[in-house]
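Q: Structure incoming, see below.
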Amino acid sequence: LSTQDNSISNIKIWPNPVNDKLNINFVLISNRTKISLYDVLGKEIYQDYLNTNSSVLDYSINTESLPKGFYILNITNGTSNYNKKIIIN
């Protein structure tokens, strides 16, 4: 018996590589969402908690002040967890 939690779906992230602003668009089922950005050492360098009643979320992260390099974007919503490698130019 297995269950599937689809509380995050249709995730779009652009541009990647990013210069100054990372755009995120996704569909939510649960309204409590955490968006985090981690550096290559695993240190959380950005986080935001979203409480929204909207089912489609458009969100952006200003990356102008971040050093160039590789990062991991993490989106957590309920029991769903999404990770994506991001490159900042």
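A note on labels: chains of the structure tokens are A, B, ... as shown, every chain counts residues from 1, and ligands are counted from 1 in their shown order.
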Need the shell around segment 11-23 of chain A: protein/DNA/RNA residues with any atom at most 8 Å away, counting only C-alpha atoms. Skip same-chain ones fewer than 6 positions apart. Format as a PDB file with N, CA, C and O atoms, in the first residue's frame?
A:
ATOM      1  N   ASP A  58       2.798  32.638  -7.607  1.00  0.00           N
ATOM      2  CA  ASP A  58       3.905  33.260  -8.329  1.00  0.00           C
ATOM      3  C   ASP A  58       4.787  33.919  -7.284  1.00  0.00           C
ATOM      4  O   ASP A  58       4.317  34.722  -6.482  1.00  0.00           O
ATOM      5  N   TYR A  59       6.076  33.589  -7.303  1.00  0.00           N
ATOM      6  CA  TYR A  59       6.995  34.031  -6.266  1.00  0.00           C
ATOM      7  C   TYR A  59       8.336  34.339  -6.916  1.00  0.00           C
ATOM      8  O   TYR A  59       8.688  33.740  -7.937  1.00  0.00           O
ATOM      9  N   SER A  60       9.082  35.286  -6.342  1.00  0.00           N
ATOM     10  CA  SER A  60      10.418  35.559  -6.858  1.00  0.00           C
ATOM     11  C   SER A  60      11.385  35.802  -5.710  1.00  0.00           C
ATOM     12  O   SER A  60      10.995  36.247  -4.630  1.00  0.00           O
ATOM     13  N   ILE A  61      12.655  35.467  -5.960  1.00  0.00           N
ATOM     14  CA  ILE A  61      13.733  35.670  -4.993  1.00  0.00           C
ATOM     15  C   ILE A  61      14.757  36.589  -5.649  1.00  0.00           C
ATOM     16  O   ILE A  61      15.241  36.308  -6.755  1.00  0.00           O
ATOM     17  N   ASN A  62      15.095  37.689  -4.964  1.00  0.00           N
ATOM     18  CA  ASN A  62      16.127  38.594  -5.446  1.00  0.00           C
ATOM     19  C   ASN A  62      17.484  37.949  -5.169  1.00  0.00           C
ATOM     20  O   ASN A  62      17.840  37.700  -4.018  1.00  0.00           O
ATOM     21  N   THR A  63      18.255  37.685  -6.216  1.00  0.00           N
ATOM     22  CA  THR A  63      19.542  37.006  -6.072  1.00  0.00           C
ATOM     23  C   THR A  63      20.726  37.938  -6.343  1.00  0.00           C
ATOM     24  O   THR A  63      21.867  37.476  -6.387  1.00  0.00           O
ATOM     25  N   GLU A  64      20.476  39.232  -6.503  1.00  0.00           N
ATOM     26  CA  GLU A  64      21.545  40.179  -6.844  1.00  0.00           C
ATOM     27  C   GLU A  64      22.688  40.188  -5.833  1.00  0.00           C
ATOM     28  O   GLU A  64      23.842  40.336  -6.210  1.00  0.00           O
ATOM     29  N   ILE A  86      20.174  25.317  -8.605  1.00  0.00           N
ATOM     30  CA  ILE A  86      20.105  26.643  -9.200  1.00  0.00           C
ATOM     31  C   ILE A  86      21.521  27.158  -9.389  1.00  0.00           C
ATOM     32  O   ILE A  86      22.369  26.992  -8.506  1.00  0.00           O
ATOM     33  N   ILE A  87      21.769  27.806 -10.520  1.00  0.00           N
ATOM     34  CA  ILE A  87      23.070  28.424 -10.770  1.00  0.00           C
ATOM     35  C   ILE A  87      22.867  29.934 -10.793  1.00  0.00           C
ATOM     36  O   ILE A  87      22.001  30.442 -11.517  1.00  0.00           O
ATOM     37  N   ILE A  88      23.661  30.646  -9.978  1.00  0.00           N
ATOM     38  CA  ILE A  88      23.615  32.105  -9.966  1.00  0.00           C
ATOM     39  C   ILE A  88      24.855  32.621 -10.684  1.00  0.00           C
ATOM     40  O   ILE A  88      25.971  32.279 -10.338  1.00  0.00           O
ATOM     41  N   ASN A  89      24.635  33.434 -11.717  1.00  0.00           N
ATOM     42  CA  ASN A  89      25.732  34.030 -12.494  1.00  0.00           C
ATOM     43  C   ASN A  89      26.155  35.362 -11.913  1.00  0.00           C
ATOM     44  O   ASN A  89      25.395  36.110 -11.417  1.00  0.00           O
TER      45      ASN A  89
END
Q: Excluding same-chain residues fewer than 2 positions from Val40 of chain A, what lies within 10 Å of it counting only C-alpha atoms, as a short mmCIF file (atom, residue, chain, number, x, y, z; two decimals) with all heavy atoms, in the first residue's frame?
A:
data_model
loop_
_atom_site.label_atom_id
_atom_site.label_comp_id
_atom_site.auth_asym_id
_atom_site.auth_seq_id
_atom_site.Cartn_x
_atom_site.Cartn_y
_atom_site.Cartn_z
N TYR A 38 19.78 27.02 -0.33
CA TYR A 38 20.96 26.53 0.39
C TYR A 38 22.20 26.68 -0.48
O TYR A 38 22.13 26.46 -1.71
CB TYR A 38 20.80 25.05 0.74
CG TYR A 38 19.68 24.79 1.71
CD1 TYR A 38 18.39 24.55 1.25
CD2 TYR A 38 19.91 24.79 3.08
CE1 TYR A 38 17.35 24.31 2.14
CE2 TYR A 38 18.87 24.55 3.97
CZ TYR A 38 17.60 24.31 3.50
OH TYR A 38 16.57 24.07 4.37
N GLY A 42 25.50 23.49 2.34
CA GLY A 42 24.28 23.11 3.04
C GLY A 42 23.74 24.16 3.99
O GLY A 42 22.79 23.92 4.72
N LYS A 43 24.34 25.36 3.96
CA LYS A 43 23.88 26.45 4.83
C LYS A 43 22.67 27.12 4.20
O LYS A 43 22.69 27.50 3.02
CB LYS A 43 25.00 27.46 5.04
CG LYS A 43 24.61 28.61 5.92
CD LYS A 43 25.75 29.59 6.08
CE LYS A 43 25.29 30.78 6.91
NZ LYS A 43 26.29 31.84 6.91
N GLU A 44 21.62 27.28 5.00
CA GLU A 44 20.42 27.96 4.51
C GLU A 44 20.70 29.45 4.45
O GLU A 44 20.96 30.09 5.46
CB GLU A 44 19.23 27.66 5.43
CG GLU A 44 17.93 28.19 4.92
CD GLU A 44 16.76 27.80 5.80
OE1 GLU A 44 16.80 28.12 7.01
OE2 GLU A 44 15.84 27.17 5.29
N GLY A 69 27.52 31.03 -8.09
CA GLY A 69 27.77 29.65 -7.72
C GLY A 69 26.53 28.78 -7.81
O GLY A 69 25.51 29.17 -8.36
N PHE A 70 26.65 27.58 -7.24
CA PHE A 70 25.57 26.60 -7.23
C PHE A 70 24.80 26.67 -5.92
O PHE A 70 25.40 26.81 -4.85
CB PHE A 70 26.14 25.18 -7.40
CG PHE A 70 26.76 24.95 -8.74
CD1 PHE A 70 28.12 25.06 -8.90
CD2 PHE A 70 25.97 24.63 -9.84
CE1 PHE A 70 28.71 24.85 -10.14
CE2 PHE A 70 26.55 24.41 -11.08
CZ PHE A 70 27.92 24.53 -11.23
N TYR A 71 23.50 26.52 -6.01
CA TYR A 71 22.61 26.56 -4.85
C TYR A 71 21.54 25.48 -5.02
O TYR A 71 21.31 25.00 -6.12
CB TYR A 71 21.93 27.93 -4.73
CG TYR A 71 22.91 29.04 -4.43
CD1 TYR A 71 23.61 29.66 -5.44
CD2 TYR A 71 23.13 29.46 -3.12
CE1 TYR A 71 24.52 30.68 -5.17
CE2 TYR A 71 24.03 30.48 -2.84
CZ TYR A 71 24.72 31.08 -3.87
OH TYR A 71 25.62 32.07 -3.59
N ILE A 72 20.89 25.14 -3.93
CA ILE A 72 19.75 24.22 -3.97
C ILE A 72 18.52 24.98 -3.50
O ILE A 72 18.49 25.53 -2.39
CB ILE A 72 19.97 22.98 -3.06
CG1 ILE A 72 21.18 22.18 -3.51
CG2 ILE A 72 18.71 22.12 -3.04
CD1 ILE A 72 21.06 21.55 -4.88
N LYS A 85 18.52 22.24 -8.38
CA LYS A 85 19.81 22.92 -8.42
C LYS A 85 19.67 24.23 -9.20
O LYS A 85 19.11 24.24 -10.29
CB LYS A 85 20.87 22.03 -9.06
CG LYS A 85 22.26 22.66 -9.02
CD LYS A 85 23.36 21.67 -9.28
CE LYS A 85 23.52 21.41 -10.74
NZ LYS A 85 24.71 20.60 -11.07
#
Q: Measure the distance from atom CA of Ile45 of chain A to atom CA of Asn74 of chain A in Å and round it to one decimal.
A: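 Interatomic distance here is 11.5 Å.
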Q: Ile75 of chain A: which residues within 9 Å, counting only C-alpha atoms, same-chain residues fewer than 5 positions away excluded, as a ChimeraX atom specification?
A: /A:8,33-37,80-84
Q: For the residues in that selection, give me C-alpha atoms as a PDB file, in the first residue's frame.
A:
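Result saved to out14.pdb:
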ATOM      1  CA  ILE A   8       3.073  20.769  -4.851  1.00  0.00           C
ATOM      2  CA  THR A  33       4.764  26.562   2.285  1.00  0.00           C
ATOM      3  CA  LYS A  34       8.447  27.120   3.048  1.00  0.00           C
ATOM      4  CA  ILE A  35      10.839  28.254   0.329  1.00  0.00           C
ATOM      5  CA  SER A  36      14.574  27.938   1.102  1.00  0.00           C
ATOM      6  CA  LEU A  37      17.842  28.426  -0.732  1.00  0.00           C
ATOM      7  CA  SER A  80       5.916  17.218  -0.073  1.00  0.00           C
ATOM      8  CA  ASN A  81       9.499  18.293  -0.650  1.00  0.00           C
ATOM      9  CA  TYR A  82      10.923  19.626  -3.936  1.00  0.00           C
ATOM     10  CA  ASN A  83      14.626  20.335  -4.628  1.00  0.00           C
ATOM     11  CA  LYS A  84      16.212  21.957  -7.675  1.00  0.00           C
TER      12      LYS A  84
END
Q: Give me, as a PyMOL selection string, the residues of chain A that a backbone DSSP run labels strand (DSSP E or B).
A: chain A and resi 8-14+18+21-28+32-38+44-51+56-62+69-77+80-88
